[in-house]
Amino acid sequence: MSSDFNVKRPGLELLSSQGLRLDGRRPNELRRIQCKLGVFTQPDGSAYIEQGNTKVLAAVYGPHQAAKSKSLQDSVVINCQYSMATFSTGERKKRPRGGRKSEAISMQLTQAITTAIKKELYPRSQIDVYLEVLQADGGAYSASVNAATLALIDAGIPMKAYLCSCTASIAWKDGKPEPLVDVSHVEESAGGSVLTVSSLPSINSVAWVDMSQRLHADYLSVVMKRAMQGCRDIEVILDKAVREHLGESWTMSDDAVAI
Amino acid sequence: MWTTKTFLTKTKRGNIIKIVREHYLRDDLLCGSAACNTCPHKDDEFVLDGKPESICSLYSYPHYLILDTNVVLHQIDVLEEDALSNVIILQTVLEEVKHQNTAIYQRLLEIIANKKRKFYSFVNEHHKDTYIERNPGEKQNDRNDRAIRKAAAWYETHLSINSVVGQFPKIVLLTDDENNRKIAQEEGIVCCSIKDYVENVTGFIGLLDKLSKNVAPEACSKDALYPAHLTPAQIHEGIRGGKLHQGTFRASRDNFLEGTAVINGFEKPILLQGHSGINRAVDGDSIAVEIFPEEEWRRPMDIVLEDKADDDPGDQLEEEAVLLKNTKPVEKGDDEITPTGRVVGIIRRKWRQYCGILMKSKFPGATRHLFVPAEKRIPRVRIETRQSDVLASQRILVALDSWPRNSRYPLGHFVRALGKIGDKNAENEVILLEHDVPHARFSEAVLACLPPNDWTIPEEEIKKRVDLRSECICSVDPPGCTDIDDALHAKALPGNTEDGLKRYEVGVHIADVTHFVRPNTALDKEAANRSTTVYLVGRRIDMVPDLLSSNLCSLRGGEERLAFSCVWEVDENANILHTKFHKSVIKSAAAMTYEEAQIAIDDKSRNDAIVSSLRILNALAKKLNRKRLDNGALSLSSPEIRFQIDSETHDPVEVQAKKILDTNSMVEEFMLLANISVAQRLAAEFPQCALLRRHPAPPPANFHTFLKAAKQQGFDLDVSTNKAFSKSLDAAVIPGRPFFNTLLRIMATRCMQQAQYFSSGSKTVEEYYHYGLACPIYTHFTSPIRRYADVIVHRLLAASIGCDVTHATLLDTKVANSVCDNLNYRHRQAQYAGRASVTMNTHILFNKRVEVELASVLAVKRNAVHVLIPKYGLEGPLYLPSDKFTYNEEEHIQTCGDIVLKTFDELTVRLSLDSSNLQHRKLVFELVKPHIPGFSVDIMEVEDSKAETEKDQKKRKEETPAKSSKKSKKK
C-alpha cells in the first residue's frame with residue numbers, strides 16, 4: 001500500500017504531530033546544559049560540560065614555550081587533541097585516540113579555537129588543549145568547542161569573544177521544513193544532514209562551519225539561522241557559568257557544583 | 001522558553017548495548033479542554049467542549065472519553081463514524097498504534113486533524129504530572145496501561161481545579177482489557193468496554209455494525225479448526241535459525257485451497273496447500289513459512305476450485321482430501337514440482353477493506369451473514385449486521401477484524417454501502433476501490449492552486465519563451481480526446497548536409513503542465529499521489545483537475561498554449577544532427593484524429609502546409625520505425641477493444657477490436673524519439689536522480705510454455721536476445737491464418753516483465769536498458785497531463801536547460817525512489833482497473849446476447865482451455881469435463897477420442913453471460929466446433945437464439961468513443 005506516500009520522508013519522524021521532538025523538546029530548544037570551570041588543579045585551565053547526555057572534559061596547558069620546530073614568530077601555536085573514551089558510545093570504542101576521525105576533529109577544533117584566541121599576544125608560544133569525550137550523544141564536536149572555550153577562559157587566555165558551537169538539522173512537519181537545534185544522537189542518526197556552526201556571537205562572526213551531508217540550498221539559510229540562534233543561547237549559558245565561577249572564592253570548594 | 005525540568009529514562013535494549021536517552025518533561029503542555037481553568041490556552045487551542053453532550057445512556061453526565069490502545073486498533077471504523085466526539089488520545093496510545101499498525105495510525109491522525117470531530121491528542125509522556133517510569137519487572141504493556149490510567153486520573157483532578165462540583169466534565173476510560181478495567185475501578189476511574197458503550201449509544205443507527213468482533217486468543221484451542229500460529233518470538237527465533245522463512249502470501253485466484261509465498265533464496269515460489277497449509281493467511285499477508293523436506297514437495301494443482309458453500313456451513317472444514325486428491329506427490333525429476341510448505345505464523349497482516357456483496361443467511365432474522373469479496377483471492381468473511389435486508393442488494397465495503405482458530409471464516413464488520421448491485425456507478429466505485437485508485441473530488445486546497453478559468457498567457461511569459469506561434473504545428477490523437485498533450489511540426493530546411501542529404505526540422509511540443517503544477521503545492525501532492533490518469537470505459541479519473549487537463553494544458557487547435565518543445569534537425573534518413581530543448585508558446589493549426597490525418601496524407605489533391613508537414617513526418621517515422629526494428633525492438637500485440645456506447649443509457653451497445661493506422665505509429669515514433677532524447681539529456685545531467693524507465697529482459701523461464709506451444713505448431717523461436725526473438729516472430733507465419741502471428745505476439749507479450757520507473761541513482765547504467773524498445777535508455781516525457789512521471793521529467797529537464805530552479809525534493813535520491821515506487825504501483829493498478837472496467841462492460845454487453853464466434857486457444861489447463869475471441873479481444877476459460885477429455889501434462893494437450901485440443905488451435909465457440917452469481921458474472925464459452933457429441937452445443941439451436949436476440953436489439957446508436965485510450969503511446 002502506498003496511501004501514506006505523502007508523509008513518507010526519509011528516516012523516522014523527528015517531529016510528532018504535536019510539534020515535539022523525540023525527547024520532548026521543541027524544535028528551537030537546546031538540551032539541558034550544565035557546566036563547571038576549574039575542575040582540575042594540575043592544568044592551567046579546565047572545564048566540564050554536559051549537553052544533555054553528551055559529556056566532555058577539557059584541559060588547557062599553557063601558554064608555554066613552543067617546540068622549536070613548530071614555533072611561530074608572531075603568533076601562538078594551538079595544539080589540540082580530541083579523544084573519545086572507550087566507554088563513550090553504545091559500543092565500546094577500540095581506539096580512544098589517534099584514529100582518523102579523532103585526528104580530523106582535532107584539526108577542526110584547532111582551526112576554530114585559533115580564530116577565537118588573540119594569537120598575537122603570545123609569539124613563539126604554544127597552548128595545548130586536551131578534550132576528552134566521556135559520553136557521546138550527538139554534537140560531541142560542539143560540546144568540545146564549548147568546553148574548550150570555558151577551559152581557555154579558566155586558564156586566563158585572552159579571547160576575542162565567546163566561541164560557541166551548536167548543531168542544527170532539519171525535520172518536516174506537515175510537509176514544511178522545520179529546523180531542529182542542538183541535534184541529539186538519535187536525530188543525527190535518523191539520516192538528515194547536520195550543520196555544525198562554531199561562531200563568536202557577540203562579534204557576529206563565524207569561526208567554522210561543517211555539514212555532514214548534502215542539504216538543498218533552499219533550506220540552508222533556515223538551518224543556519226537556527227544554528228546561529230543556538231550559538232547565541234549557548235553564549236548566555238556559558239557567560240552565566242563564567243560569572244558564577246568568578247563570583248565564587250578563587251579557592252575551590254566542594255559545593256561549587258550547581259549553576 | 002525552554003524547560004530543563006528533569007531528565008529521565010534509561011532504556012536497555014538488545015543484549016550488549018545500553019542506550020540512554022534523554023526524556024524532557026514539560027510544564028507547558030495544554031489539556032485542550034474548554035472547561036479547564038488552569039492551562040494558559042489561547043482561544044484557538046481548545047479542542048474539547050466545555051460541556052460535552054453525552055450520547056451514551058450509561059453515562060448521562062457530560063464526559064470525555066479516553067481510549068485504550070486496543071480500542072483504537074480494533075475499532076477504528078467506529079471512531080471514524082461521526083458519533084463519538086470529545087475524545088482524548090494519549091501519546092502513549094498514539095505511539096503504540098503507530099508501532100503496531102501504520103495504516104490505522106494514519107487514519108487516527110486524520111480523525112485528530114478533523115476539527116469537527118473534537119479529538120485531542122494529549123502528550124502525556126512529556127507532561128510532568130502524567131509521566132511515569134517503568135517499575136522494575138513491570139511489562140511494557142502494563143506500564144502503558146498504568147500511564148493511561150494515570151493520565152485519566154490527572155484529567156479528572158485537573159478539570160476539577162477551580163471548578164464548581166458537578167460543573168466540569170468527567171472522564172470515561174474505554175478499554176477492552178478486563179484486568180485494566182478492574183484496576184481502574186479500584187483507582188476510582190470510570191471505565192467501560194467499547195462494546196457496552198457503543199451498544200448504549202443513542203441516535204446513531206448502524207454504529208453497532210461497525211463494531212469489530214473480539215478475538216479469541218491464539219492459545220485457546222477449544223473447537224480449533226486450524227493449527228495455532230507461532231508467537232512472534234518463536235517466529236523470530238525460527239527465521240534467525242533458518243528453520244522458517246519470511247514471505248508474502250499470494251492466494252491463488254483459481255483455487256481457494258492453494259497459495260504461494262515468494263521467499264528469498266528460492267527460485268520458485270513456495271507452494272502452500274489446504275486449510276492447514278494456508279492456515280488463515282489472507283492474500284498479501286507477511287507470513288512465516290516452514291518448508292517441507294524434499295520428498296513431500298508437490299506440484300501446483302491445475303484445477304479450478306471455488307469455495308462453493310452458498311450458506312454459512314458453520315465452523316467445519318470440508319473434506320480436503322476430496323478436493324486435493326490430485327496432489328499426490330509425483331516422481332522426482334518432474335520440472336513442475338515445487339517446494340512445498342505450510343504457514344506457521346503471521347508476521348504482519350496486510351488487511352485492507354474489501355468490496356463485495358452480502359450472502360444473506362438462510363434463516364430469517366439472523367444477524368450473522370457471509371460476505372463474498374469481489375476479489376477472488378480473499379476468503380469469505382463472516383459479519384454481523386441487522387441491516388441485512390437492505391444490504392443484500394448492495395455492493396458493500398467490509399473490514400476484516402480477526403481470524404480465530406475456531407472459525408471457518410475470518411470475522412469482519414460492515415463499513416459502508418457503495419450502491420445497488422449492477423448500478424454502473426456502484427460497479428465503477430468497486431473497481432476504483434479494489435484497485436486503490438484515488439478518485440475523490442479534488443479538494444478545495446487543490447483547486448485553489450489553479451489559475452482562473454479565463455487565464456490567458458501573460459506577455460512577460462511569452463517574452464521568456466521561444467515564440468513558435470507562426471510554425472505550422474498540429475496534433476494527432478484518437479477521436480474524442482480532450483487531453484491533448486502532444487503536437488508535432490516538420491519542415492524542410494534549406495541546404496544539404498555534408499553527405500548531400502536533405503535536412504529537416506522536426507519538433508515535438510508537449511503541454512507545459514509544470515508551469516501550472518508547481519512543486520510542493522497541494523495540487524502537486526495530489527497529482528503525485530494519483531500518479532496517473534485512469535481510463536475506465538466511459539469515465540476518466542483525472543490526475544490534474546479538468547481545467548488543466550482538458551483546457552489550459554490541452555494543445556487545442558487554434559489556441560495559444562504553453563509548451564515544452566524538443567526540436568531536432570534531422571537528415572532525410574532520420575539521423576539526428578542536432579537536438580535542442582526549450583520552453584515555447586505554440587498555436588496548434590489543427591487538432592486531428594488519426595483517421596483525419598491519414599485521409600489528409602493519402603489525399604493527393606491536398607498540398608497545404610499541414611499536409612506537407614504530415615507527409616514529412618510520416619516518411620521520417622517509417623524510417624525511424626525501420627531502424628528501431630532493425631535494432632531489435634519487439635513489435636508486440638495485445639488485444640485491445642473499444643466499445644460503442646449508447647448515448648442515453650451509457651451502456652455499451654457494440655464492441656470491436658481497435659484499428660491501427662499509419663498515423664498511430666507516426667505519432668508514436670516521434671514520441672519515442674522525444675522520450676529517448678530527453679532521457680539521454682537527463683541521465684547526463686542528473687546521474688543520481690533522473691527519472692527513467694527501464695524494461696528488464698524477461699527471464700528464460702517465462703518463455704517455457706510459450707516455446708513448447710509454438711513448437712507444436714512447427715516453429716522454433718529464438719528468445720536469446722530481443723533481436724533474435726523479433727526476427728523469429730516475424731518469420732513465424734502460417735499462410736492462410738493471418739491471425740496466428742498476432743496471436744503469437746499476444747502470447748509473447750504475456751511472457752514479458754513489466755516496464756518500470758526508476759531513479760538513475762538506484763541502478764547501474766547497464767540496467768537502464770529497455771528490452772521492448774531495444775534502446776539503452778528511455779523515459780516518459782510526452783504526456784505530463786496524464787502521467788506524473790512526465791511532470792518530474794519536465795522539471796528536471798527545465799532545470800537542466802536553466803528555465804526553472806531545482807528544489808530539494810527533486811534532487812533527493814530517496815524521495816526520487818519513493819516517487820518511483822508509487823508511480824509503478826499506481827501505473828499497474830490503473831492498468832488493472834482499466835481491464836476490470838472492460839470486463840464489466842463486456843458483461844453488460846452480453847447480458848442478453850448469445851453469439852457464435854471463432855476463437856483461438858491461448859493455453860491448455862487440466863480442466864479447461866483458455867480461449868481468445870479475436871473479434872472482440874475477449875478471453876476466458878472453456879471448461880472441459882474430465883469424463884470426456886484426457887489431459888496430457890507433458891505436452892499440454894487435451895484429447896477426446898480423435899479430437900486433440902492444443903494451444904493456437906482454432907475453435908468455434910458460443911458466447912453467453914452467466915449471471916447466476918451476481919458478484920462474479922462471467923462469460924460462458926461453449927464449444928461448437930469441433931463437434932463432440934454430448935458436449936458441444938448444437939449450432940442450430942444457437943442460430944435460433946441468435947436470431948431472437950437480434951430482434952431485441954434496438955437500432956444502433958451513434959458511435960461515441962468509449963475511452964480516449966492512448967495505449968498505443970504507452971510503451
# chains A, B, ... in the order shown; residues from 1 in each chain; ligands from 1

call {"tool": "interface_residues", "arguments": {"of": "chain A", "to": "chain B", "cutoff": "6 Å", "atoms": "only C-alpha atoms", "output": "list in words"}}
result
Asp23, Gly24, Glu29, Arg32, Gly90 and His216 of chain A

call {"tool": "residues_around", "arguments": {"residues": "Leu195 in chain A", "least_positions_apart": "5", "cutoff": "10 Å", "atoms": "only C-alpha atoms", "output": "list in words"}}
result
Cys166, Thr167, Ala168, Ser169, Ile170, Val181, Asp182, Val183, Val209, Asp210, Met211, Ser212, Gln213, Arg214, Leu215, Leu220, Val223, Met224, Arg226 and Ala227 of chain A

call {"tool": "residues_around", "arguments": {"residues": "range 683-691 of chain B", "least_positions_apart": "6", "cutoff": "8 Å", "atoms": "only C-alpha atoms", "output": "VMD selection string"}}
result
chain B and resid 757 to 762 779 789 792 to 793 796 800 810 to 813 816 820

call {"tool": "write_last_selection", "arguments": {"atoms": "C-alpha atoms", "output": "PDB file, in the first residue's frame"}}
result
ATOM      1  CA  TYR B 757      10.150   3.742 -13.485  1.00  0.00           C
ATOM      2  CA  PHE B 758      13.332   4.120 -11.510  1.00  0.00           C
ATOM      3  CA  SER B 759      15.727   6.758 -10.348  1.00  0.00           C
ATOM      4  CA  SER B 760      19.039   6.748 -12.179  1.00  0.00           C
ATOM      5  CA  GLY B 761      20.976   6.526  -8.914  1.00  0.00           C
ATOM      6  CA  SER B 762      19.392   3.229  -7.955  1.00  0.00           C
ATOM      7  CA  THR B 779      11.934   7.861 -20.035  1.00  0.00           C
ATOM      8  CA  ALA B 789       6.444  10.719 -14.195  1.00  0.00           C
ATOM      9  CA  ILE B 792       9.041  15.165 -12.832  1.00  0.00           C
ATOM     10  CA  VAL B 793      10.898  14.681 -16.098  1.00  0.00           C
ATOM     11  CA  LEU B 796      14.369  18.009 -14.353  1.00  0.00           C
ATOM     12  CA  SER B 800      18.962  21.284 -16.845  1.00  0.00           C
ATOM     13  CA  LEU B 810      13.545  16.889  -6.892  1.00  0.00           C
ATOM     14  CA  LEU B 811      17.194  16.126  -6.273  1.00  0.00           C
ATOM     15  CA  ASP B 812      16.809  13.853  -3.275  1.00  0.00           C
ATOM     16  CA  THR B 813      17.550  10.281  -4.292  1.00  0.00           C
ATOM     17  CA  ALA B 816      13.004  10.017  -6.110  1.00  0.00           C
ATOM     18  CA  CYS B 820       9.125   5.797  -8.447  1.00  0.00           C
TER      19      CYS B 820
END

call {"tool": "residues_around", "arguments": {"residues": "Gly166 in chain B", "least_positions_apart": "2", "cutoff": "12 Å", "atoms": "only C-alpha atoms", "output": "PyMOL selection string"}}
result
chain B and resi 35+51+61-63+156+159-164+168-170

call {"tool": "select_by_dssp", "arguments": {"residues": "range 349-476 of chain B", "states": "strand (DSSP E or B)", "output": "PyMOL selection string"}}
result
chain B and resi 353-359+368-373+381-384+394-402+411-420+466-467+473-476

call {"tool": "write_last_selection", "arguments": {"atoms": "C-alpha atoms", "output": "PDB file, in the first residue's frame"}}
result
ATOM      1  CA  GLN B 353     -11.158  -3.021   3.312  1.00  0.00           C
ATOM      2  CA  TYR B 354     -12.772  -5.250   0.748  1.00  0.00           C
ATOM      3  CA  CYS B 355     -15.652  -4.664  -1.653  1.00  0.00           C
ATOM      4  CA  GLY B 356     -18.165  -7.380  -2.223  1.00  0.00           C
ATOM      5  CA  ILE B 357     -21.699  -8.486  -1.610  1.00  0.00           C
ATOM      6  CA  LEU B 358     -23.583  -9.956   1.292  1.00  0.00           C
ATOM      7  CA  MET B 359     -24.757 -13.516   1.096  1.00  0.00           C
ATOM      8  CA  ARG B 368     -24.625 -13.405  11.139  1.00  0.00           C
ATOM      9  CA  HIS B 369     -24.067 -13.427   7.413  1.00  0.00           C
ATOM     10  CA  LEU B 370     -21.356 -14.329   4.977  1.00  0.00           C
ATOM     11  CA  PHE B 371     -19.735 -11.668   2.880  1.00  0.00           C
ATOM     12  CA  VAL B 372     -18.314 -12.576  -0.521  1.00  0.00           C
ATOM     13  CA  PRO B 373     -15.465 -10.302  -1.596  1.00  0.00           C
ATOM     14  CA  VAL B 381     -15.917 -13.143   5.662  1.00  0.00           C
ATOM     15  CA  ARG B 382     -18.428 -13.575   8.413  1.00  0.00           C
ATOM     16  CA  ILE B 383     -20.030 -10.326   9.525  1.00  0.00           C
ATOM     17  CA  GLU B 384     -22.792  -9.342  11.887  1.00  0.00           C
ATOM     18  CA  GLN B 394     -25.962  -3.608  -2.341  1.00  0.00           C
ATOM     19  CA  ARG B 395     -22.291  -3.555  -3.017  1.00  0.00           C
ATOM     20  CA  ILE B 396     -20.716  -3.154   0.393  1.00  0.00           C
ATOM     21  CA  LEU B 397     -17.342  -2.475   1.911  1.00  0.00           C
ATOM     22  CA  VAL B 398     -16.193  -4.715   4.759  1.00  0.00           C
ATOM     23  CA  ALA B 399     -13.155  -4.656   7.021  1.00  0.00           C
ATOM     24  CA  LEU B 400     -11.522  -7.778   8.385  1.00  0.00           C
ATOM     25  CA  ASP B 401     -11.081  -7.985  12.157  1.00  0.00           C
ATOM     26  CA  SER B 402      -9.622 -11.318  13.068  1.00  0.00           C
ATOM     27  CA  LEU B 411     -14.548 -12.250  11.141  1.00  0.00           C
ATOM     28  CA  GLY B 412     -15.227  -8.773   9.896  1.00  0.00           C
ATOM     29  CA  HIS B 413     -17.592  -5.880  10.131  1.00  0.00           C
ATOM     30  CA  PHE B 414     -19.582  -3.742   7.755  1.00  0.00           C
ATOM     31  CA  VAL B 415     -18.019  -0.392   6.822  1.00  0.00           C
ATOM     32  CA  ARG B 416     -20.287   1.216   4.247  1.00  0.00           C
ATOM     33  CA  ALA B 417     -22.582   0.587   1.325  1.00  0.00           C
ATOM     34  CA  LEU B 418     -21.451   1.587  -2.172  1.00  0.00           C
ATOM     35  CA  GLY B 419     -24.719   1.322  -4.079  1.00  0.00           C
ATOM     36  CA  LYS B 420     -27.005  -1.159  -5.766  1.00  0.00           C
ATOM     37  CA  VAL B 466      10.636  30.805 -27.793  1.00  0.00           C
ATOM     38  CA  ASP B 467       7.744  32.008 -29.904  1.00  0.00           C
ATOM     39  CA  ILE B 473       2.023  22.744 -35.623  1.00  0.00           C
ATOM     40  CA  CYS B 474      -0.709  20.147 -35.423  1.00  0.00           C
ATOM     41  CA  SER B 475      -1.772  17.362 -33.112  1.00  0.00           C
ATOM     42  CA  VAL B 476      -2.983  13.873 -33.966  1.00  0.00           C
TER      43      VAL B 476
END

call {"tool": "atom_distance", "arguments": {"atom1": "CA of Glu669 in chain B", "atom2": "CA of Lys604 in chain B"}}
result
23.7 Å

call {"tool": "select_by_dssp", "arguments": {"residues": "range 19-151 of chain A", "states": "helix (DSSP H, G or I)", "output": "VMD selection string"}}
result
chain A and resid 100 to 116 119 to 121 140 to 151

call {"tool": "decode", "arguments": {"residues": "range 219-252 of chain A", "atoms": "N, CA and C atoms", "output": "short mmCIF file (atom, residue, chain, number, x, y, z; two decimals), in the first residue's frame"}}
result
data_model
loop_
_atom_site.label_atom_id
_atom_site.label_comp_id
_atom_site.auth_asym_id
_atom_site.auth_seq_id
_atom_site.Cartn_x
_atom_site.Cartn_y
_atom_site.Cartn_z
N TYR A 219 17.17 25.19 1.92
CA TYR A 219 16.99 25.05 3.35
C TYR A 219 18.18 25.56 4.15
N LEU A 220 19.27 25.84 3.45
CA LEU A 220 20.49 26.17 4.17
C LEU A 220 20.29 27.36 5.09
N SER A 221 19.64 28.41 4.57
CA SER A 221 19.57 29.64 5.36
C SER A 221 18.76 29.44 6.64
N VAL A 222 17.65 28.69 6.58
CA VAL A 222 16.86 28.48 7.81
C VAL A 222 17.63 27.65 8.83
N VAL A 223 18.32 26.64 8.34
CA VAL A 223 19.06 25.78 9.27
C VAL A 223 20.20 26.58 9.89
N MET A 224 20.86 27.37 9.06
CA MET A 224 21.98 28.19 9.52
C MET A 224 21.50 29.16 10.59
N LYS A 225 20.38 29.78 10.32
CA LYS A 225 19.81 30.75 11.24
C LYS A 225 19.56 30.11 12.60
N ARG A 226 18.99 28.91 12.53
CA ARG A 226 18.67 28.22 13.78
C ARG A 226 19.94 27.85 14.54
N ALA A 227 20.96 27.42 13.83
CA ALA A 227 22.21 27.06 14.49
C ALA A 227 22.83 28.29 15.13
N MET A 228 22.76 29.43 14.43
CA MET A 228 23.32 30.67 14.97
C MET A 228 22.57 31.09 16.22
N GLN A 229 21.25 30.93 16.18
CA GLN A 229 20.46 31.26 17.37
C GLN A 229 20.88 30.36 18.53
N GLY A 230 21.13 29.09 18.21
CA GLY A 230 21.60 28.14 19.22
C GLY A 230 22.90 28.61 19.84
N CYS A 231 23.81 29.11 19.00
CA CYS A 231 25.09 29.61 19.50
C CYS A 231 24.87 30.77 20.47
N ARG A 232 23.94 31.67 20.11
CA ARG A 232 23.67 32.81 20.99
C ARG A 232 23.12 32.34 22.33
N ASP A 233 22.21 31.35 22.27
CA ASP A 233 21.65 30.83 23.51
C ASP A 233 22.73 30.20 24.38
N ILE A 234 23.65 29.49 23.71
CA ILE A 234 24.72 28.84 24.46
C ILE A 234 25.63 29.89 25.10
N GLU A 235 25.87 30.97 24.34
CA GLU A 235 26.74 32.01 24.88
C GLU A 235 26.21 32.53 26.21
N VAL A 236 24.89 32.71 26.28
CA VAL A 236 24.28 33.19 27.51
C VAL A 236 24.59 32.25 28.68
N ILE A 237 24.47 30.95 28.37
CA ILE A 237 24.69 29.95 29.43
C ILE A 237 26.15 29.94 29.86
N LEU A 238 27.06 29.97 28.86
CA LEU A 238 28.49 29.96 29.18
C LEU A 238 28.86 31.18 30.00
N ASP A 239 28.32 32.33 29.57
CA ASP A 239 28.62 33.58 30.24
C ASP A 239 28.19 33.52 31.70
N LYS A 240 27.02 32.94 31.92
CA LYS A 240 26.50 32.84 33.27
C LYS A 240 27.41 31.95 34.12
N ALA A 241 27.84 30.83 33.51
CA ALA A 241 28.70 29.90 34.24
C ALA A 241 30.02 30.57 34.62
N VAL A 242 30.58 31.34 33.67
CA VAL A 242 31.85 32.00 33.92
C VAL A 242 31.69 33.01 35.06
N ARG A 243 30.60 33.79 34.98
CA ARG A 243 30.40 34.81 36.01
C ARG A 243 30.22 34.15 37.38
N GLU A 244 29.47 33.06 37.42
CA GLU A 244 29.28 32.38 38.70
C GLU A 244 30.59 31.86 39.23
N HIS A 245 31.39 31.32 38.32
CA HIS A 245 32.68 30.76 38.72
C HIS A 245 33.57 31.85 39.31
N LEU A 246 33.55 33.01 38.65
CA LEU A 246 34.38 34.12 39.12
C LEU A 246 33.85 34.68 40.42
N GLY A 247 32.53 34.61 40.59
CA GLY A 247 31.92 35.12 41.81
C GLY A 247 32.30 34.30 43.03
N GLU A 248 32.53 33.04 42.79
CA GLU A 248 32.93 32.20 43.91
C GLU A 248 34.32 32.62 44.35
N SER A 249 34.67 32.19 45.53
CA SER A 249 36.03 32.49 46.00
C SER A 249 36.99 31.75 45.10
N TRP A 250 38.17 32.26 44.93
CA TRP A 250 39.10 31.67 43.99
C TRP A 250 39.53 30.27 44.40
N THR A 251 39.32 29.97 45.66
CA THR A 251 39.67 28.61 46.06
C THR A 251 38.52 27.68 45.69
N MET A 252 38.84 26.48 45.38
CA MET A 252 37.82 25.52 45.03
C MET A 252 37.10 25.05 46.28
#
